[in-house]
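*Asks:* Following this message is one structure expressed as structure tokens.
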Amino acid sequence: MKTLYVHIGTPKTATTSLQHFCDENEKILEEQGYCYPIFPHKFKGVSITRNGSFLGWVSSSKPEKRNKLEEEKYFRQGMDMVLDNFRKFDNVILSEEATWSAAFRRGKDYIWENILKEAKEHGYGVKIIVYLRRQDSLADSWWKQKVKVGRRIYSTSSWEEFVSDPSQLEFDYYSAVKKIEAVFGKENVIIRRFGRQYFKNGSIYEDFMEALGVKYDSRFVISEGKRNNSLFGNSHEIKRVLNMLKMNKGDRLFFKRIVRTISDNHTDLKGETMFSSEEARQFMEQYREGNRKLMQEYFGKDEDLFDMDFSKNKKWVLDHTEMEKDIITLIGHVTVQLRQENRELQSQIQDMKKELAACKKKLEEKPSAGRNPIRSVISGIRGKK
């Protein structure tokens, strides 16, 4: 039976890396009967490698401004393209972490029914793949992501403000999974835990391929470098304050690059978290019972879904001495980059001046003592009269 695999995140579980991996290894996947199609849809701020974006795309963050007809149009186009790929392959893979948030936090809880309806009408099966990250780690990483990007919700919120009411995230994994299960059946929901200690052979890529049923071998290519890095040290606090300025898209990208440079100089601090050991324990207690139920039902073990040892937590604390150094570094990077851009502009101006002088010289060197050709024609006509 042909199968549609829908990878729905959750947020901050290396989804971007997995999407690029599937795109880069397209031919190897196709050899095993799997297709990771790239569709022509172009949604604002969304990479085309996020090929499942049409599933949960929301036309506006404001409910009263949503264009549901347009949303339905893109869904129809996307599912038609899925059908087209089923003519050549037995398995089609869609991936978009925003599907999780769209269904549980953005008013599109009917996504699951829509996907199942399509599958029943056209005779293929559906498997839902979801990676679950320990909730305290997800909260930490997601808040830093919002601050780093610098737009939309929470980009200027302090950590304390965010963690007191993280209403834009779905942390109740058990309830969410049960809703998906109610539509597709437990046998069609594939749960994986996010964390190197849980991955097959410590690799997120091997783990994802196993979830799909793809045989992993040495031919698979993993591009160098990390995508969507988090912010370390004081960089998230610097960026959060910068976000309070009125900036256009270009300004946001400019400061985002600078702050990431500062962050990359503090990778030794990547073990820091926004939770103290006790704060993390208290936060996780809210979800412990549901997590244990998932462990029992999907992994057959009567234990915690995640490691609950928080003793190694090192909470980020504002160090004014280090902050002064980072601010000086920020000013230095900004100044150097602006000076470089200024030099490039000055060079372009000089080149334009040279071109202008050359054109002027050519005009002056024309025959008839540089007389204007139009005037010459007019004089000739007058002479004939």
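Naming works like this for the structure tokens: A, B, ... for the chains as they're shown, residue 1 at the start of each chain, ligands 1 onward in shown order.
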Excluding A:Ile48 and residues on its chain fewer than 2 positions from it, collect all residues at most 7 Å away from it, counting only C-alpha atoms, and give them as a ChimeraX atom specification.
*Replies:* /A:38-39,42,46,50-51
*Asks:* Only C-alpha atoms, please: the residues just picked out, written as a compact mmCIF listing (two decimals), in the first residue's frame.
*Replies:*
```txt
# COMPACT_ATOMS: atom_id res chain seq x y z
CA ILE A 38 9.88 20.07 -3.58
CA PHE A 39 6.73 22.01 -4.43
CA LYS A 42 6.35 30.09 -1.90
CA VAL A 46 9.42 29.66 4.49
CA ARG A 50 9.72 22.66 4.16
CA ASN A 51 7.57 20.79 1.68
```
*Asks:* Extract, using only C-alpha atoms, all DNA, RNA and protein residues at most 10 Å from A:Glu70, discarding same-chain residues fewer than 4 positions from it, and format them as a list in words.
*Replies:*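 The contact residues come out as Trp57, Val58, Ser59, Arg66, Tyr74, Phe75 and Arg76 of chain A.
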*Asks:* Could you take the residues named above and write them with N, CA and C atoms, as a compact mmCIF listing (two decimals), in the first residue's frame?
*Replies:*
```txt
# COMPACT_ATOMS: atom_id res chain seq x y z
N TRP A 57 -0.60 25.80 6.69
CA TRP A 57 -0.33 27.22 6.45
C TRP A 57 -1.51 28.08 6.87
N VAL A 58 -1.20 29.12 7.64
CA VAL A 58 -2.22 30.05 8.10
C VAL A 58 -1.95 31.40 7.44
N SER A 59 -2.92 31.93 6.73
CA SER A 59 -2.73 33.14 5.93
C SER A 59 -2.49 34.39 6.76
N ARG A 66 -7.81 36.02 8.46
CA ARG A 66 -7.45 34.81 7.72
C ARG A 66 -8.30 34.65 6.46
N TYR A 74 -4.29 26.25 -1.42
CA TYR A 74 -2.93 25.70 -1.34
C TYR A 74 -2.93 24.25 -0.86
N PHE A 75 -3.86 23.92 0.05
CA PHE A 75 -3.96 22.54 0.51
C PHE A 75 -4.32 21.62 -0.66
N ARG A 76 -5.30 22.06 -1.47
CA ARG A 76 -5.72 21.26 -2.62
C ARG A 76 -4.58 21.08 -3.63
```
*Asks:* DSSP on the backbone: which residues in stretch 21-244 of chain A end up as alpha helix (DSSP H)? Give the answer as a PyMOL selection string.
*Replies:* chain A and resi 21-24+26-31+53-56+68-86+98-105+111-122+135-149+159-164+173-184+204-212+235-242
*Asks:* Tell me, as a short mmCIF file (atom, residue, chain, number, x, y, z; two decimals) with C-alpha atoms, in the first residue's frame, which residues lie within 7 Å of A:Ile190, counting only C-alpha atoms; anything in the same chain fewer than 2 positions away does not count.
*Replies:*
```cif
data_model
loop_
_atom_site.label_atom_id
_atom_site.label_comp_id
_atom_site.auth_asym_id
_atom_site.auth_seq_id
_atom_site.Cartn_x
_atom_site.Cartn_y
_atom_site.Cartn_z
CA ILE A 128 2.53 10.53 11.32
CA ILE A 129 6.08 10.99 12.61
CA VAL A 130 6.58 13.23 15.63
CA ASN A 188 0.05 4.90 12.38
CA ARG A 192 10.64 9.39 18.50
#
```
*Asks:* Near A:Tyr174, within 7 Å and counting only C-alpha atoms, which residues show up once chain neighbours fewer than 3 positions away are dropped, as an NGL selection string?
*Replies:* :A and (177-178 or 290-291 or 294)
*Asks:* Residues of the last selection are to be written out with N, CA and C atoms, as an mmCIF file, in the first residue's frame.
*Replies:*
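Result written to result-v2.cif:
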```cif
data_model
loop_
_atom_site.group_PDB
_atom_site.id
_atom_site.type_symbol
_atom_site.label_atom_id
_atom_site.label_comp_id
_atom_site.auth_asym_id
_atom_site.auth_seq_id
_atom_site.Cartn_x
_atom_site.Cartn_y
_atom_site.Cartn_z
ATOM 1 N N VAL A 177 -0.920 13.890 21.291
ATOM 2 C CA VAL A 177 -0.736 12.627 20.572
ATOM 3 C C VAL A 177 -2.034 11.828 20.532
ATOM 4 N N LYS A 178 -2.791 11.857 21.621
ATOM 5 C CA LYS A 178 -4.053 11.115 21.656
ATOM 6 C C LYS A 178 -5.044 11.658 20.627
ATOM 7 N N GLY A 290 1.720 12.605 31.998
ATOM 8 C CA GLY A 290 1.405 12.373 30.587
ATOM 9 C C GLY A 290 2.568 11.755 29.844
ATOM 10 N N ASN A 291 3.766 12.226 30.147
ATOM 11 C CA ASN A 291 4.961 11.670 29.503
ATOM 12 C C ASN A 291 5.126 10.192 29.826
ATOM 13 N N LEU A 294 2.806 8.089 27.748
ATOM 14 C CA LEU A 294 3.324 7.883 26.392
ATOM 15 C C LEU A 294 4.394 6.803 26.384
#
```
*Asks:* I need the residues in stretch 19-261 of chain A that are strand (DSSP E or B) according to DSSP; give them as a list in words.
*Replies:*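 Across stretch 19-261 of chain A, those assigned strand (DSSP E or B) are Tyr34, Cys35, Asn91, Val92, Ile93, Leu94, Ser95, Gly125, Val126, Lys127, Ile128, Ile129, Val130, Tyr131, Leu132, Val189, Ile190, Ile191, Arg192 and Arg193 of chain A.
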*Asks:* Could you give me, as a ChimeraX atom specification, the residues within 9 Å of stretch 15-32 of chain A, counting only C-alpha atoms and dropping anything in the same chain fewer than 2 positions from it?
*Replies:* /A:7-13,34-38,49-51,89,93,95-97,204-205,208,214-215,219-223,226-228
*Asks:* Could you save those same residues with N, CA and C atoms as a CSV table (one decimal), in the first residue's frame?
*Replies:*
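Written output follows (again13.csv):
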```csv
chain,number,residue,atom,x,y,z
A,7,HIS,N,5.8,14.2,8.6
A,7,HIS,CA,6.7,14.6,9.7
A,7,HIS,C,6.3,15.9,10.3
A,8,ILE,N,5.8,16.0,11.5
A,8,ILE,CA,5.2,17.2,12.0
A,8,ILE,C,6.0,17.9,13.1
A,9,GLY,N,7.3,17.6,13.2
A,9,GLY,CA,8.1,18.3,14.3
A,9,GLY,C,8.2,17.4,15.5
A,10,THR,N,8.1,17.9,16.7
A,10,THR,CA,7.7,19.2,17.1
A,10,THR,C,8.7,20.3,16.9
A,11,PRO,N,8.4,21.6,17.2
A,11,PRO,CA,9.4,22.6,17.1
A,11,PRO,C,10.7,22.3,17.8
A,12,LYS,N,11.8,22.8,17.2
A,12,LYS,CA,13.1,22.7,17.8
A,12,LYS,C,13.6,21.3,18.0
A,13,THR,N,13.3,20.5,16.9
A,13,THR,CA,13.8,19.1,17.0
A,13,THR,C,14.6,18.7,15.7
A,34,TYR,N,11.1,6.1,-2.1
A,34,TYR,CA,10.7,7.2,-1.3
A,34,TYR,C,10.9,8.5,-2.0
A,35,CYS,N,9.9,9.4,-2.0
A,35,CYS,CA,10.1,10.7,-2.7
A,35,CYS,C,9.9,11.8,-1.6
A,36,TYR,N,10.9,12.7,-1.7
A,36,TYR,CA,10.8,14.0,-0.9
A,36,TYR,C,10.6,15.1,-1.9
A,37,PRO,N,9.4,15.4,-2.3
A,37,PRO,CA,9.1,16.4,-3.4
A,37,PRO,C,9.3,17.8,-2.9
A,38,ILE,N,9.8,18.6,-3.8
A,38,ILE,CA,9.9,20.1,-3.6
A,38,ILE,C,8.8,20.7,-4.4
A,49,THR,N,12.3,23.8,1.1
A,49,THR,CA,12.6,22.4,1.6
A,49,THR,C,11.6,22.0,2.7
A,50,ARG,N,10.8,23.0,3.2
A,50,ARG,CA,9.7,22.7,4.2
A,50,ARG,C,8.5,22.3,3.3
A,51,ASN,N,8.5,21.1,2.7
A,51,ASN,CA,7.6,20.8,1.7
A,51,ASN,C,6.2,20.5,2.2
A,89,PHE,N,6.1,6.8,-7.1
A,89,PHE,CA,6.8,6.2,-5.9
A,89,PHE,C,5.7,5.7,-5.0
A,93,ILE,N,7.1,11.7,1.3
A,93,ILE,CA,7.4,12.3,2.6
A,93,ILE,C,7.1,13.8,2.6
A,95,SER,N,7.3,17.2,5.3
A,95,SER,CA,7.8,17.6,6.6
A,95,SER,C,7.6,19.1,6.8
A,96,GLU,N,7.0,19.4,8.0
A,96,GLU,CA,6.8,20.8,8.4
A,96,GLU,C,6.5,20.8,9.9
A,97,GLU,N,7.4,21.4,10.7
A,97,GLU,CA,7.2,21.4,12.1
A,97,GLU,C,6.0,22.3,12.6
A,204,ILE,N,20.6,11.7,14.4
A,204,ILE,CA,19.2,12.1,14.1
A,204,ILE,C,18.9,11.6,12.7
A,205,TYR,N,19.8,11.6,11.8
A,205,TYR,CA,19.6,11.2,10.4
A,205,TYR,C,19.3,9.7,10.3
A,208,PHE,N,15.8,9.1,11.8
A,208,PHE,CA,14.7,9.5,11.0
A,208,PHE,C,14.5,8.5,9.9
A,214,VAL,N,13.6,3.4,5.9
A,214,VAL,CA,14.6,3.5,4.8
A,214,VAL,C,15.9,2.9,5.4
A,215,LYS,N,16.6,2.1,4.5
A,215,LYS,CA,17.8,1.5,4.9
A,215,LYS,C,18.9,2.6,4.8
A,219,ARG,N,26.3,6.0,1.8
A,219,ARG,CA,26.2,6.9,0.6
A,219,ARG,C,25.4,8.2,1.0
A,220,PHE,N,24.7,8.1,2.1
A,220,PHE,CA,23.9,9.3,2.4
A,220,PHE,C,24.9,10.5,2.8
A,221,VAL,N,24.6,11.6,2.3
A,221,VAL,CA,25.4,12.8,2.5
A,221,VAL,C,24.8,13.7,3.6
A,222,ILE,N,25.7,14.1,4.5
A,222,ILE,CA,25.3,15.0,5.6
A,222,ILE,C,26.1,16.3,5.4
A,223,SER,N,25.4,17.4,5.0
A,223,SER,CA,26.2,18.6,4.8
A,223,SER,C,26.8,19.1,6.1
A,226,LYS,N,25.9,23.4,11.3
A,226,LYS,CA,24.6,23.3,11.9
A,226,LYS,C,23.7,24.4,11.3
A,227,ARG,N,22.4,24.1,11.2
A,227,ARG,CA,21.4,25.0,10.7
A,227,ARG,C,20.6,25.5,11.9
A,228,ASN,N,20.3,26.8,11.9
A,228,ASN,CA,19.4,27.3,12.9
A,228,ASN,C,20.0,27.2,14.3
```
